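Engineer: Structure: run.cif, mmCIF, C-alpha atoms and all ligand atoms.
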```cif
data_final
loop_
_atom_site.label_atom_id
_atom_site.label_comp_id
_atom_site.auth_asym_id
_atom_site.auth_seq_id
_atom_site.Cartn_x
_atom_site.Cartn_y
_atom_site.Cartn_z
CA MET A 1 0.29 57.30 11.14
CA THR A 2 0.99 59.48 8.10
CA LEU A 3 2.68 58.89 4.78
CA SER A 4 5.25 61.15 3.18
CA THR A 5 8.43 60.80 1.13
CA PRO A 6 11.08 59.83 2.05
CA GLY A 7 9.31 57.34 4.27
CA PRO A 8 10.68 55.65 7.38
CA THR A 9 13.70 53.40 6.90
CA LEU A 10 13.84 49.75 7.83
CA GLY A 11 17.41 48.54 8.38
CA VAL A 12 17.85 44.86 7.59
CA VAL A 13 20.84 42.79 8.67
CA GLY A 14 21.39 40.54 5.65
CA GLY A 15 20.86 41.43 2.01
CA GLY A 16 20.19 38.06 0.38
CA GLN A 17 16.98 36.98 -1.31
CA LEU A 18 14.94 37.51 1.84
CA GLY A 19 16.19 41.09 2.12
CA ARG A 20 15.43 41.61 -1.56
CA MET A 21 11.84 40.37 -1.20
CA LEU A 22 11.42 42.44 1.99
CA ALA A 23 12.50 45.55 0.08
CA GLU A 24 10.13 44.70 -2.79
CA ALA A 25 7.25 44.40 -0.31
CA ALA A 26 8.20 47.49 1.70
CA ALA A 27 8.17 49.99 -1.20
CA PRO A 28 4.37 50.12 -1.71
CA LEU A 29 3.95 50.72 2.03
CA GLY A 30 6.16 53.79 1.81
CA VAL A 31 8.91 52.08 3.81
CA GLU A 32 12.47 52.33 2.52
CA VAL A 33 14.96 49.55 3.11
CA VAL A 34 18.69 49.66 3.78
CA VAL A 35 20.53 46.34 4.09
CA ALA A 36 23.86 45.33 5.61
CA ASP A 37 25.62 42.44 3.88
CA PRO A 38 29.26 41.44 3.34
CA THR A 39 28.83 40.77 -0.40
CA PRO A 40 29.02 43.98 -2.46
CA ASP A 41 25.97 44.27 -4.73
CA ALA A 42 24.12 41.72 -2.63
CA PRO A 43 20.79 40.42 -4.03
CA ALA A 44 18.83 43.08 -2.11
CA ALA A 45 21.00 45.98 -3.25
CA PRO A 46 19.23 46.80 -6.55
CA VAL A 47 15.83 47.10 -4.85
CA ALA A 48 16.94 48.60 -1.53
CA ARG A 49 17.73 52.29 -1.07
CA ASP A 50 21.24 51.49 0.06
CA GLN A 51 23.58 48.73 1.17
CA VAL A 52 26.13 48.94 3.94
CA VAL A 53 28.92 46.53 2.97
CA GLY A 54 30.11 44.68 6.05
CA ASP A 55 29.80 41.47 8.00
CA PHE A 56 26.64 40.69 9.95
CA ASP A 57 28.63 40.97 13.17
CA ASP A 58 30.84 43.93 12.18
CA PRO A 59 30.12 46.65 14.77
CA ASP A 60 30.97 49.50 12.38
CA ALA A 61 28.66 48.18 9.66
CA ILE A 62 25.75 47.51 12.01
CA ARG A 63 26.20 50.92 13.69
CA GLU A 64 26.13 52.54 10.26
CA LEU A 65 22.96 50.62 9.45
CA ALA A 66 21.30 51.65 12.72
CA ALA A 67 22.28 55.28 12.21
CA GLN A 68 20.25 55.31 8.96
CA SER A 69 17.27 53.37 10.31
CA ASP A 70 13.98 54.00 12.10
CA TYR A 71 13.44 50.26 12.65
CA LEU A 72 15.81 47.30 12.59
CA THR A 73 15.29 43.65 11.68
CA PHE A 74 17.37 40.76 10.32
CA GLU A 75 16.90 38.21 7.55
CA ILE A 76 19.61 35.74 8.57
CA GLU A 77 20.35 34.04 11.89
CA LEU A 78 24.02 34.97 11.59
CA ALA A 79 23.03 38.43 12.83
CA ASP A 80 24.61 39.13 16.21
CA PRO A 81 22.03 39.55 19.01
CA ASP A 82 24.42 41.35 21.40
CA LEU A 83 25.40 43.84 18.73
CA LEU A 84 21.77 44.40 17.74
CA GLU A 85 20.87 45.04 21.36
CA SER A 86 23.67 47.53 21.83
CA VAL A 87 23.03 49.52 18.61
CA ALA A 88 19.29 49.56 19.34
CA GLU A 89 20.07 51.26 22.61
CA GLU A 90 22.76 53.56 21.27
CA PHE A 91 20.63 54.82 18.35
CA ASP A 92 17.26 54.40 20.08
CA VAL A 93 15.94 52.21 17.25
CA PRO A 94 13.47 49.38 17.90
CA VAL A 95 14.69 45.96 16.75
CA HIS A 96 12.28 43.12 15.96
CA PRO A 97 12.10 40.24 16.58
CA ASP A 98 13.67 40.71 20.00
CA PRO A 99 17.42 39.94 19.87
CA ASP A 100 16.85 37.60 22.78
CA THR A 101 14.58 35.53 20.56
CA LEU A 102 17.37 35.41 17.98
CA ARG A 103 19.73 34.28 20.74
CA THR A 104 17.34 31.46 21.63
CA ILE A 105 16.70 30.39 18.06
CA GLU A 106 20.22 30.63 16.66
CA ASP A 107 21.34 27.84 18.99
CA LYS A 108 19.24 24.86 17.95
CA LEU A 109 19.73 23.15 21.29
CA VAL A 110 18.60 26.19 23.27
CA GLN A 111 15.70 26.58 20.83
CA LYS A 112 14.53 22.99 21.33
CA ARG A 113 14.82 23.21 25.12
CA ARG A 114 12.86 26.46 25.29
CA LEU A 115 10.08 25.09 23.09
CA ARG A 116 9.91 21.74 24.85
CA ASP A 117 9.69 23.52 28.20
CA ALA A 118 6.86 25.67 26.81
CA GLY A 119 4.91 22.49 25.99
CA VAL A 120 5.50 22.51 22.23
CA PRO A 121 5.80 18.91 20.94
CA VAL A 122 9.35 18.26 19.71
CA PRO A 123 11.23 15.11 18.66
CA ARG A 124 13.51 13.66 21.35
CA PHE A 125 16.92 15.29 21.32
CA ARG A 126 20.25 15.27 23.19
CA ALA A 127 23.22 17.59 23.42
CA VAL A 128 26.38 15.85 22.15
CA ASP A 129 30.04 16.84 22.45
CA THR A 130 31.88 13.60 21.78
CA VAL A 131 31.63 10.49 19.64
CA ASP A 132 30.63 8.56 22.77
CA ASP A 133 27.77 11.00 23.34
CA VAL A 134 26.49 10.40 19.81
CA ARG A 135 26.71 6.62 20.27
CA ALA A 136 24.95 6.79 23.63
CA ALA A 137 22.18 8.85 22.01
CA GLY A 138 22.00 6.25 19.23
CA ASP A 139 21.54 3.44 21.79
CA GLU A 140 18.74 5.38 23.39
CA LEU A 141 16.94 6.97 20.44
CA GLY A 142 17.81 4.44 17.73
CA TYR A 143 19.31 4.96 14.26
CA PRO A 144 19.25 6.89 12.04
CA LEU A 145 19.87 10.00 14.10
CA MET A 146 19.99 13.53 12.80
CA LEU A 147 23.15 15.31 13.92
CA LYS A 148 22.85 19.10 13.81
CA ALA A 149 25.35 21.89 14.33
CA ARG A 150 23.96 23.98 17.17
CA THR A 151 24.67 27.24 15.35
CA GLY A 152 25.43 28.60 11.91
CA GLY A 153 23.71 26.00 9.71
CA TYR A 154 21.12 26.94 7.11
CA ASP A 155 19.76 25.60 3.83
CA GLY A 156 20.67 22.09 4.97
CA ARG A 157 24.26 22.96 5.87
CA GLY A 158 25.12 21.69 9.32
CA ASN A 159 22.66 18.74 9.31
CA VAL A 160 24.12 15.26 8.90
CA PRO A 161 22.21 11.97 9.20
CA VAL A 162 23.99 9.27 11.24
CA GLU A 163 22.99 5.77 10.15
CA SER A 164 25.10 3.72 12.58
CA PRO A 165 27.61 4.04 15.47
CA ASP A 166 30.42 3.80 12.88
CA GLU A 167 29.33 7.05 11.29
CA ALA A 168 29.39 9.02 14.54
CA ALA A 169 32.97 10.31 14.27
CA GLY A 170 32.73 11.34 10.61
CA ALA A 171 29.41 13.09 11.17
CA LEU A 172 30.72 15.01 14.19
CA ASP A 173 33.70 16.11 12.11
CA ALA A 174 31.43 17.21 9.30
CA VAL A 175 29.30 19.50 11.50
CA GLY A 176 32.40 20.67 13.40
CA GLY A 177 31.92 22.19 16.85
CA ASP A 178 28.97 22.11 19.23
CA ALA A 179 26.24 19.78 18.16
CA MET A 180 22.99 18.08 19.12
CA VAL A 181 21.23 14.96 17.89
CA GLU A 182 17.58 14.31 17.31
CA GLU A 183 15.66 11.13 16.78
CA PHE A 184 14.80 10.63 13.14
CA VAL A 185 11.10 11.32 12.68
CA ASP A 186 9.40 8.89 10.34
CA TYR A 187 7.06 11.51 8.98
CA GLU A 188 4.03 11.28 6.76
CA ARG A 189 4.75 14.72 5.35
CA GLU A 190 6.45 17.95 6.27
CA LEU A 191 4.45 21.09 6.92
CA ALA A 192 5.31 24.70 7.58
CA VAL A 193 3.41 27.62 9.02
CA MET A 194 4.38 31.26 8.74
CA ALA A 195 3.23 32.65 12.05
CA CYS A 196 3.20 36.37 12.71
CA GLN A 197 3.10 38.63 15.68
CA GLY A 198 2.20 42.29 15.34
CA SER A 199 2.17 45.30 17.56
CA ALA A 200 0.10 45.50 20.74
CA GLU A 201 -1.29 48.83 19.49
CA HIS A 202 -3.46 47.04 17.00
CA ARG A 203 -5.57 44.90 19.23
CA SER A 204 -9.23 45.58 18.87
CA ALA A 205 -12.15 43.19 19.06
CA ASP A 206 -13.06 43.43 15.37
CA ARG A 207 -9.49 42.59 14.33
CA SER A 208 -9.74 39.23 16.06
CA SER A 209 -12.65 38.05 13.96
CA GLY A 210 -13.47 37.84 10.30
CA ARG A 211 -10.33 39.17 8.68
CA ARG A 212 -7.95 36.93 10.56
CA GLY A 213 -7.56 33.22 10.51
CA GLY A 214 -5.41 32.16 7.53
CA GLU A 215 -6.61 28.64 6.71
CA ALA A 216 -10.08 29.23 8.10
CA ALA A 217 -10.53 32.59 6.40
CA SER A 218 -9.46 31.22 3.05
CA ASN A 219 -12.15 28.57 2.93
CA GLY A 220 -14.90 30.97 3.88
CA THR A 221 -15.25 29.89 7.50
CA ALA A 222 -13.42 32.79 9.06
CA LYS A 223 -12.96 32.49 12.77
CA PRO A 224 -10.74 34.16 15.30
CA SER A 225 -7.31 32.59 15.55
CA ARG A 226 -7.14 33.13 19.27
CA GLY A 227 -7.73 36.12 21.44
CA PRO A 228 -5.36 39.03 21.00
CA ARG A 229 -2.50 38.65 23.46
CA GLU A 230 -0.88 41.15 25.73
CA GLU A 231 2.14 41.22 23.44
CA GLY A 232 0.21 42.00 20.28
CA GLU A 233 -1.98 40.51 17.62
CA THR A 234 -0.98 37.10 16.30
CA ASP A 235 -1.97 35.22 13.19
CA ALA A 236 -0.75 32.48 10.88
CA PHE A 237 -0.74 31.94 7.14
CA PRO A 238 -2.43 28.82 5.76
CA VAL A 239 -0.49 25.64 6.46
CA THR A 240 2.00 24.78 3.70
CA GLU A 241 3.14 21.32 2.65
CA THR A 242 6.89 21.29 2.11
CA ILE A 243 8.93 18.76 0.13
CA HIS A 244 12.66 18.48 0.88
CA ARG A 245 15.52 16.52 -0.68
CA GLU A 246 19.06 16.49 0.71
CA GLU A 247 17.79 18.71 3.54
CA ILE A 248 16.86 21.47 1.10
CA LEU A 249 13.37 22.67 0.31
CA ARG A 250 12.36 21.77 -3.23
CA GLU A 251 8.64 22.48 -3.49
CA THR A 252 5.69 23.80 -1.50
CA VAL A 253 2.00 22.97 -1.90
CA SER A 254 -0.84 25.00 -0.48
CA PRO A 255 -3.35 23.93 0.73
CA ALA A 256 -1.24 21.19 2.28
CA ARG A 257 -2.50 17.72 1.34
CA ALA A 258 -3.33 16.89 4.93
CA ASP A 259 -6.67 16.54 6.72
CA GLU A 260 -8.28 19.62 8.13
CA THR A 261 -7.71 18.37 11.70
CA VAL A 262 -3.99 18.01 10.97
CA ARG A 263 -3.84 21.51 9.47
CA GLU A 264 -5.67 22.93 12.46
CA ARG A 265 -3.27 21.20 14.83
CA ALA A 266 -0.28 22.54 12.85
CA ARG A 267 -1.66 26.05 13.11
CA GLU A 268 -2.22 25.60 16.84
CA VAL A 269 1.37 24.43 17.38
CA ALA A 270 2.69 27.39 15.36
CA LEU A 271 0.70 29.82 17.50
CA ASP A 272 2.00 28.07 20.63
CA VAL A 273 5.51 28.68 19.31
CA LEU A 274 4.75 32.41 19.13
CA ASP A 275 3.59 32.31 22.73
CA ALA A 276 7.05 31.09 23.71
CA LEU A 277 8.94 33.87 21.90
CA GLU A 278 9.27 37.61 22.26
CA GLY A 279 9.15 40.18 19.54
CA ARG A 280 7.24 41.09 16.46
CA GLY A 281 7.63 39.71 12.98
CA VAL A 282 7.06 36.64 10.85
CA PHE A 283 8.40 33.32 12.14
CA GLY A 284 8.86 30.31 9.88
CA VAL A 285 7.72 27.24 11.79
CA GLU A 286 8.75 23.91 10.23
CA LEU A 287 6.81 20.86 11.35
CA PHE A 288 6.59 17.12 10.86
CA GLN A 289 3.30 15.32 10.50
CA ALA A 290 4.44 12.06 12.02
CA GLY A 291 3.72 8.78 10.23
CA GLU A 292 1.39 6.11 11.53
CA SER A 293 4.18 3.94 12.85
CA ARG A 294 5.16 6.53 15.40
CA SER A 295 4.05 5.65 18.88
CA ASP A 296 2.48 8.34 21.01
CA SER A 297 4.74 7.65 23.90
CA THR A 298 7.99 8.52 22.19
CA HIS A 299 8.01 12.26 22.02
CA SER A 300 8.77 14.67 24.75
CA SER A 301 5.56 16.67 25.08
CA GLY A 302 3.90 13.82 26.94
CA ARG A 303 0.61 14.17 25.08
CA GLY A 304 -0.93 10.77 24.65
CA SER A 305 -4.45 11.10 23.38
CA GLN A 306 -3.94 12.04 19.77
CA ASP A 307 -4.02 9.69 16.79
CA ALA A 308 -0.47 8.98 15.76
CA ASP A 309 -1.11 10.02 12.18
CA ASP A 310 -2.31 13.43 13.35
CA GLU A 311 0.72 14.04 15.41
CA ILE A 312 2.49 17.29 14.77
CA LEU A 313 6.08 17.74 15.95
CA LEU A 314 8.13 20.88 15.70
CA ASN A 315 11.24 20.57 13.53
CA GLU A 316 12.77 24.05 13.52
CA ILE A 317 11.83 27.68 13.66
CA ALA A 318 13.31 30.71 11.97
CA PRO A 319 12.81 34.23 13.36
CA ARG A 320 12.18 35.69 9.90
CA PRO A 321 10.27 35.13 6.67
CA HIS A 322 11.05 31.68 5.33
CA ASN A 323 11.49 29.85 2.05
CA SER A 324 8.35 27.82 2.82
CA GLY A 325 6.33 31.05 2.67
CA HIS A 326 7.49 32.47 -0.66
CA TRP A 327 4.28 31.24 -2.28
CA THR A 328 2.33 33.80 -0.21
CA ILE A 329 3.59 36.58 -2.54
CA GLU A 330 1.07 35.53 -5.18
CA GLY A 331 -0.99 33.05 -3.15
CA CYS A 332 -2.24 35.16 -0.24
CA HIS A 333 -3.89 38.53 0.27
CA THR A 334 -0.79 39.67 2.15
CA SER A 335 2.65 38.19 1.52
CA GLN A 336 4.89 37.01 4.36
CA PHE A 337 7.29 39.83 3.42
CA GLU A 338 4.68 42.57 3.59
CA GLN A 339 3.49 41.04 6.86
CA HIS A 340 7.00 41.15 8.32
CA VAL A 341 7.41 44.80 7.29
CA ARG A 342 4.02 45.63 8.81
CA ALA A 343 4.85 43.81 12.04
CA VAL A 344 8.32 45.21 12.64
CA THR A 345 7.32 48.78 11.76
CA GLY A 346 4.30 48.67 14.06
CA ARG A 347 1.63 48.66 11.35
CA PRO A 348 -1.48 46.45 11.67
CA LEU A 349 -1.12 42.92 10.29
CA GLY A 350 -2.64 42.17 6.88
CA ASP A 351 -5.08 39.44 5.87
CA THR A 352 -3.34 36.05 5.75
CA GLY A 353 -6.08 34.32 3.74
CA ARG A 354 -5.17 32.30 0.66
CA ARG A 355 -6.29 33.60 -2.73
CA ALA A 356 -6.01 30.30 -4.60
CA PRO A 357 -4.24 26.91 -4.56
CA THR A 358 -0.57 27.66 -5.10
CA VAL A 359 2.60 25.63 -5.58
CA SER A 360 6.19 26.78 -5.74
CA THR A 361 9.59 25.34 -6.50
CA ASN A 362 13.08 26.53 -5.72
CA ILE A 363 15.55 27.12 -8.52
CA LEU A 364 18.74 25.57 -7.14
CA GLY A 365 22.26 25.58 -8.51
CA ASP A 366 22.67 22.53 -10.77
CA VAL A 367 26.40 22.95 -11.47
CA GLU A 368 29.30 21.18 -9.83
CA ALA A 369 31.81 24.06 -9.65
CA ARG A 370 31.21 27.62 -8.49
CA GLN A 371 30.75 29.84 -11.55
CA ASP A 372 29.08 33.00 -12.90
CA ALA A 373 25.33 32.49 -12.97
CA THR A 374 23.34 32.51 -16.21
CA LEU A 375 19.94 30.85 -16.13
CA ARG A 376 18.66 29.20 -19.28
CA GLY A 377 15.19 27.93 -20.17
CA GLU A 378 13.28 30.68 -18.40
CA LYS A 379 11.13 31.51 -21.47
CA ALA A 380 8.79 28.60 -20.72
CA VAL A 381 8.09 30.07 -17.27
CA PHE A 382 7.19 33.45 -18.78
CA GLU A 383 4.95 31.75 -21.33
CA ARG A 384 3.00 29.78 -18.77
CA PRO A 385 -0.09 31.66 -17.54
CA ARG A 386 -0.08 32.20 -13.78
CA ALA A 387 3.56 31.13 -13.40
CA HIS A 388 5.76 33.71 -11.68
CA LEU A 389 9.54 33.78 -11.87
CA HIS A 390 11.52 35.19 -8.95
CA TRP A 391 15.20 35.71 -9.71
CA TYR A 392 17.36 36.56 -6.70
CA GLY A 393 20.12 38.33 -8.61
CA LYS A 394 23.03 36.25 -7.27
CA ARG A 395 26.11 36.70 -9.43
CA GLU A 396 27.52 33.26 -8.75
CA VAL A 397 25.97 29.81 -8.71
CA TYR A 398 27.13 26.64 -7.00
CA ARG A 399 25.53 23.30 -6.34
CA LEU A 400 22.22 23.60 -4.49
CA ARG A 401 22.53 27.35 -3.94
CA LYS A 402 19.11 29.02 -3.86
CA MET A 403 19.05 31.17 -7.00
CA GLY A 404 15.35 31.88 -7.41
CA HIS A 405 11.93 30.30 -7.28
CA VAL A 406 8.87 29.76 -9.46
CA THR A 407 5.33 30.03 -8.15
CA LEU A 408 2.33 28.64 -10.00
CA VAL A 409 -1.15 29.76 -9.01
CA GLY A 410 -4.11 27.46 -9.79
CA GLU A 411 -7.82 28.02 -10.30
CA GLU A 412 -9.98 27.52 -7.22
CA GLY A 413 -10.27 23.76 -6.65
CA ALA A 414 -7.28 23.02 -8.91
CA ASP A 415 -5.79 19.56 -8.72
CA ARG A 416 -2.69 19.92 -6.54
CA PRO A 417 -0.74 16.93 -7.87
CA TYR A 418 -1.25 18.37 -11.38
CA LEU A 419 -0.07 21.83 -10.27
CA LEU A 420 2.93 20.28 -8.56
CA ASP A 421 3.85 18.26 -11.67
CA SER A 422 3.48 21.40 -13.79
CA VAL A 423 5.76 23.53 -11.64
CA ARG A 424 8.33 20.70 -11.48
CA GLU A 425 8.29 20.48 -15.25
CA LEU A 426 8.93 24.23 -15.53
CA ARG A 427 11.77 23.96 -13.05
CA ASP A 428 13.32 20.95 -14.76
CA GLY A 429 13.53 23.03 -17.93
CA LEU A 430 15.81 25.53 -16.14
CA THR A 431 19.56 25.11 -15.95
CA PHE A 432 22.76 27.01 -15.21
CA GLU A 433 24.80 24.65 -17.34
CA GLY A 434 26.26 26.22 -20.46
N1 LIG B 501 18.63 32.84 4.23
C1 LIG B 501 18.83 33.18 5.51
N2 LIG B 501 18.68 32.09 6.28
C2 LIG B 501 18.38 31.07 5.49
C3 LIG B 501 18.36 31.53 4.19
N3 LIG B 501 18.10 30.84 3.10
C4 LIG B 501 18.72 33.68 3.05
C5 LIG B 501 18.99 35.13 3.41
C6 LIG B 501 20.47 35.23 3.27
C7 LIG B 501 20.68 34.37 2.04
O1 LIG B 501 19.82 33.25 2.24
O2 LIG B 501 18.31 35.95 2.49
O3 LIG B 501 20.93 36.54 3.10
C8 LIG B 501 22.11 33.91 1.82
O4 LIG B 501 22.13 33.16 0.64
P1 LIG B 501 23.49 32.55 0.05
O5 LIG B 501 23.08 31.83 -1.21
O6 LIG B 501 24.38 33.70 -0.24
O7 LIG B 501 24.05 31.64 1.11
#
```
Would you kindly transcribe this structure into structure tokens?
Ligand code: AIR
Structural biologist:
Amino acid sequence: MTLSTPGPTLGVVGGGQLGRMLAEAAAPLGVEVVVADPTPDAPAAPVARDQVVGDFDDPDAIRELAAQSDYLTFEIELADPDLLESVAEEFDVPVHPDPDTLRTIEDKLVQKRRLRDAGVPVPRFRAVDTVDDVRAAGDELGYPLMLKARTGGYDGRGNVPVESPDEAAGALDAVGGDAMVEEFVDYERELAVMACQGSAEHRSADRSSGRRGGEAASNGTAKPSRGPREEGETDAFPVTETIHREEILRETVSPARADETVRERAREVALDVLDALEGRGVFGVELFQAGESRSDSTHSSGRGSQDADDEILLNEIAPRPHNSGHWTIEGCHTSQFEQHVRAVTGRPLGDTGRRAPTVSTNILGDVEARQDATLRGEKAVFERPRAHLHWYGKREVYRLRKMGHVTLVGEEGADRPYLLDSVRELRDGLTFEG
């Protein structure tokens, strides 16, 4: 591997905040980024070398992207796996993660089946087409149910809770199209793990000890995650606690406020998820730590020996860096974005260890009507030591749109509830209202 300028080009389908943070992380590695996104001047455009303006599934746009690229990846599930496969072949450009993995993940029902069949613990779920299907699932799994659009939903769009049989028709209408339902998990807390899979070229004995191991490495007890696999080296960032409201991520806390055994189990499940999927890159793995009331017999993995309060269930996965991992930019030795660039361009994975306790909060649209975006109150964030503002550069704001985030890094041993209160206070001082 050599370095020269211009460096290799990574083509990214999608130019939102994830594309922007990928481009920010790629530059120091000597990797240039070109994005394809339908919105002119997309968030990634100012930091990428170029933007192809076109839909994620527009063959001309994606061909133009591939023609400029040495590697291809995507930052949104609306990317088209068939098109990616065909341009990869036509232009002889590797695409990671494997488009087939995208195909599996983009359909939440297919995703759940694949993972369940691979032995990953998942909540009970059913495919539903009609109101009667939803009601039958309700009889079996109990209410509330979570109704999910099989494809196309993100940032909470496409997920609708169903409290009773009477709500079945309205909920099906709201998600529109093919759907699935899941039992409602009465969780103790939500967790997320950014799991990563690198290239098979970088598998040597010394890489599997000491410098790997996320959670373990960060508390000084480094140990191998698991042996390097045929497909390539794998690793996981320290387990993150995630706090959602209205199906949208609000804050993250790392280390997660869960017992070490729970965190270890979460990491294990995340690495099992990687085993079930092809292709390199970072995968966001969202998990539930089930509450004590949950009986061991109710979930579909069939495990029965674990304490209920330790029980980890998979919620969803994303074949890309994830909102739950934004804190790694300041909080870890390698960020999830740098890791993704390393993985998809065939470079060795970086150290996933945590530098310090870290919390983050999303800055979400707090306006009712869609309007030009001007953020106010940001001075307090700049004035706060160890607080980091990330502005995504979106021109327009609407209710609950992800506009940026704030990360606050604590001293070693910092009190996490205090850090969390502090970052919430900073966020609550921000507004888009005029
Ligand atoms: N994204 C992709 N999947 C889930 C999320 N949050 C990111 C990507 C995408 C952007 O959100 O970076 O490009 C789209 O954001 P918006 O606000 O335009 O919907």
Engineer: Set the distance at 10 Å and use all atoms listed in the file: which residues neighbour Trp391 of chain A once local chain neighbours fewer than 3 positions away are removed? I'd like the list as a list in words.
Structural biologist: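 Contacts, in chain order: Gln17, Pro43, Ile363, Leu375, His388, Lys394, Lys402, Met403, Gly404, His405 and Val406 of chain A.
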Engineer: Step by step: start from the point (-9.5, 27.4, -7.0) in the file's coordinates, keep every protein, DNA or RNA residue that has an atom no farther than 6 Å from it, count only C-alpha atoms, and write the set as an mmCIF file with C-alpha atoms, keeping the file's coordinate frame.
Structural biologist:
```cif
data_model
loop_
_atom_site.group_PDB
_atom_site.id
_atom_site.type_symbol
_atom_site.label_atom_id
_atom_site.label_comp_id
_atom_site.auth_asym_id
_atom_site.auth_seq_id
_atom_site.Cartn_x
_atom_site.Cartn_y
_atom_site.Cartn_z
ATOM 1 C CA ALA A 356 -6.010 30.300 -4.600
ATOM 2 C CA PRO A 357 -4.240 26.910 -4.560
ATOM 3 C CA GLU A 411 -7.820 28.020 -10.300
ATOM 4 C CA GLU A 412 -9.980 27.520 -7.220
ATOM 5 C CA GLY A 413 -10.270 23.760 -6.650
ATOM 6 C CA ALA A 414 -7.280 23.020 -8.910
#
```
Engineer: What do you get as a PDB file with C-alpha atoms, in the coordinates of the input if you pick all residues at most 10 Å from ligand LIG 501 (chain B), counting all atoms listed in the file?
Structural biologist:
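Output below, filename out.pdb:
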```
ATOM      1  CA  VAL A  12      17.850  44.860   7.590  1.00  0.00           C
ATOM      2  CA  VAL A  13      20.840  42.790   8.670  1.00  0.00           C
ATOM      3  CA  GLY A  14      21.390  40.540   5.650  1.00  0.00           C
ATOM      4  CA  GLY A  15      20.860  41.430   2.010  1.00  0.00           C
ATOM      5  CA  GLY A  16      20.190  38.060   0.380  1.00  0.00           C
ATOM      6  CA  GLN A  17      16.980  36.980  -1.310  1.00  0.00           C
ATOM      7  CA  LEU A  18      14.940  37.510   1.840  1.00  0.00           C
ATOM      8  CA  GLY A  19      16.190  41.090   2.120  1.00  0.00           C
ATOM      9  CA  ARG A  20      15.430  41.610  -1.560  1.00  0.00           C
ATOM     10  CA  MET A  21      11.840  40.370  -1.200  1.00  0.00           C
ATOM     11  CA  LEU A  22      11.420  42.440   1.990  1.00  0.00           C
ATOM     12  CA  VAL A  35      20.530  46.340   4.090  1.00  0.00           C
ATOM     13  CA  ALA A  36      23.860  45.330   5.610  1.00  0.00           C
ATOM     14  CA  ASP A  37      25.620  42.440   3.880  1.00  0.00           C
ATOM     15  CA  PRO A  38      29.260  41.440   3.340  1.00  0.00           C
ATOM     16  CA  THR A  39      28.830  40.770  -0.400  1.00  0.00           C
ATOM     17  CA  ALA A  42      24.120  41.720  -2.630  1.00  0.00           C
ATOM     18  CA  PRO A  43      20.790  40.420  -4.030  1.00  0.00           C
ATOM     19  CA  ALA A  44      18.830  43.080  -2.110  1.00  0.00           C
ATOM     20  CA  PHE A  56      26.640  40.690   9.950  1.00  0.00           C
ATOM     21  CA  PHE A  74      17.370  40.760  10.320  1.00  0.00           C
ATOM     22  CA  GLU A  75      16.900  38.210   7.550  1.00  0.00           C
ATOM     23  CA  ILE A  76      19.610  35.740   8.570  1.00  0.00           C
ATOM     24  CA  GLU A  77      20.350  34.040  11.890  1.00  0.00           C
ATOM     25  CA  LEU A  78      24.020  34.970  11.590  1.00  0.00           C
ATOM     26  CA  ALA A  79      23.030  38.430  12.830  1.00  0.00           C
ATOM     27  CA  GLY A 152      25.430  28.600  11.910  1.00  0.00           C
ATOM     28  CA  GLY A 153      23.710  26.000   9.710  1.00  0.00           C
ATOM     29  CA  TYR A 154      21.120  26.940   7.110  1.00  0.00           C
ATOM     30  CA  ASP A 155      19.760  25.600   3.830  1.00  0.00           C
ATOM     31  CA  GLY A 156      20.670  22.090   4.970  1.00  0.00           C
ATOM     32  CA  ARG A 157      24.260  22.960   5.870  1.00  0.00           C
ATOM     33  CA  ILE A 248      16.860  21.470   1.100  1.00  0.00           C
ATOM     34  CA  LEU A 249      13.370  22.670   0.310  1.00  0.00           C
ATOM     35  CA  ALA A 318      13.310  30.710  11.970  1.00  0.00           C
ATOM     36  CA  PRO A 319      12.810  34.230  13.360  1.00  0.00           C
ATOM     37  CA  ARG A 320      12.180  35.690   9.900  1.00  0.00           C
ATOM     38  CA  PRO A 321      10.270  35.130   6.670  1.00  0.00           C
ATOM     39  CA  HIS A 322      11.050  31.680   5.330  1.00  0.00           C
ATOM     40  CA  ASN A 323      11.490  29.850   2.050  1.00  0.00           C
ATOM     41  CA  LEU A 364      18.740  25.570  -7.140  1.00  0.00           C
ATOM     42  CA  GLY A 365      22.260  25.580  -8.510  1.00  0.00           C
ATOM     43  CA  TYR A 392      17.360  36.560  -6.700  1.00  0.00           C
ATOM     44  CA  LYS A 394      23.030  36.250  -7.270  1.00  0.00           C
ATOM     45  CA  ARG A 395      26.110  36.700  -9.430  1.00  0.00           C
ATOM     46  CA  GLU A 396      27.520  33.260  -8.750  1.00  0.00           C
ATOM     47  CA  VAL A 397      25.970  29.810  -8.710  1.00  0.00           C
ATOM     48  CA  TYR A 398      27.130  26.640  -7.000  1.00  0.00           C
ATOM     49  CA  LEU A 400      22.220  23.600  -4.490  1.00  0.00           C
ATOM     50  CA  ARG A 401      22.530  27.350  -3.940  1.00  0.00           C
ATOM     51  CA  LYS A 402      19.110  29.020  -3.860  1.00  0.00           C
ATOM     52  CA  MET A 403      19.050  31.170  -7.000  1.00  0.00           C
ATOM     53  CA  GLY A 404      15.350  31.880  -7.410  1.00  0.00           C
TER      54      GLY A 404
END
```
Engineer: State, in Å with one decimal place, the distance from atom CA of Val131 of chain A to atom CA of Pro165 of chain A.
Structural biologist: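 Computed distance, atom CA of Val131 of chain A to atom CA of Pro165 of chain A, equals 8.7 Å.
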Engineer: Need the axis-aligned box for segment 340-347 of chain A with 6 Å each side, so what are the centre and edges in Å to one decimal, as JSON?
Structural biologist:
```
{"center_x": 5.0, "center_y": 45.0, "center_z": 10.7, "size_x": 18.7, "size_y": 19.6, "size_z": 18.8}
```
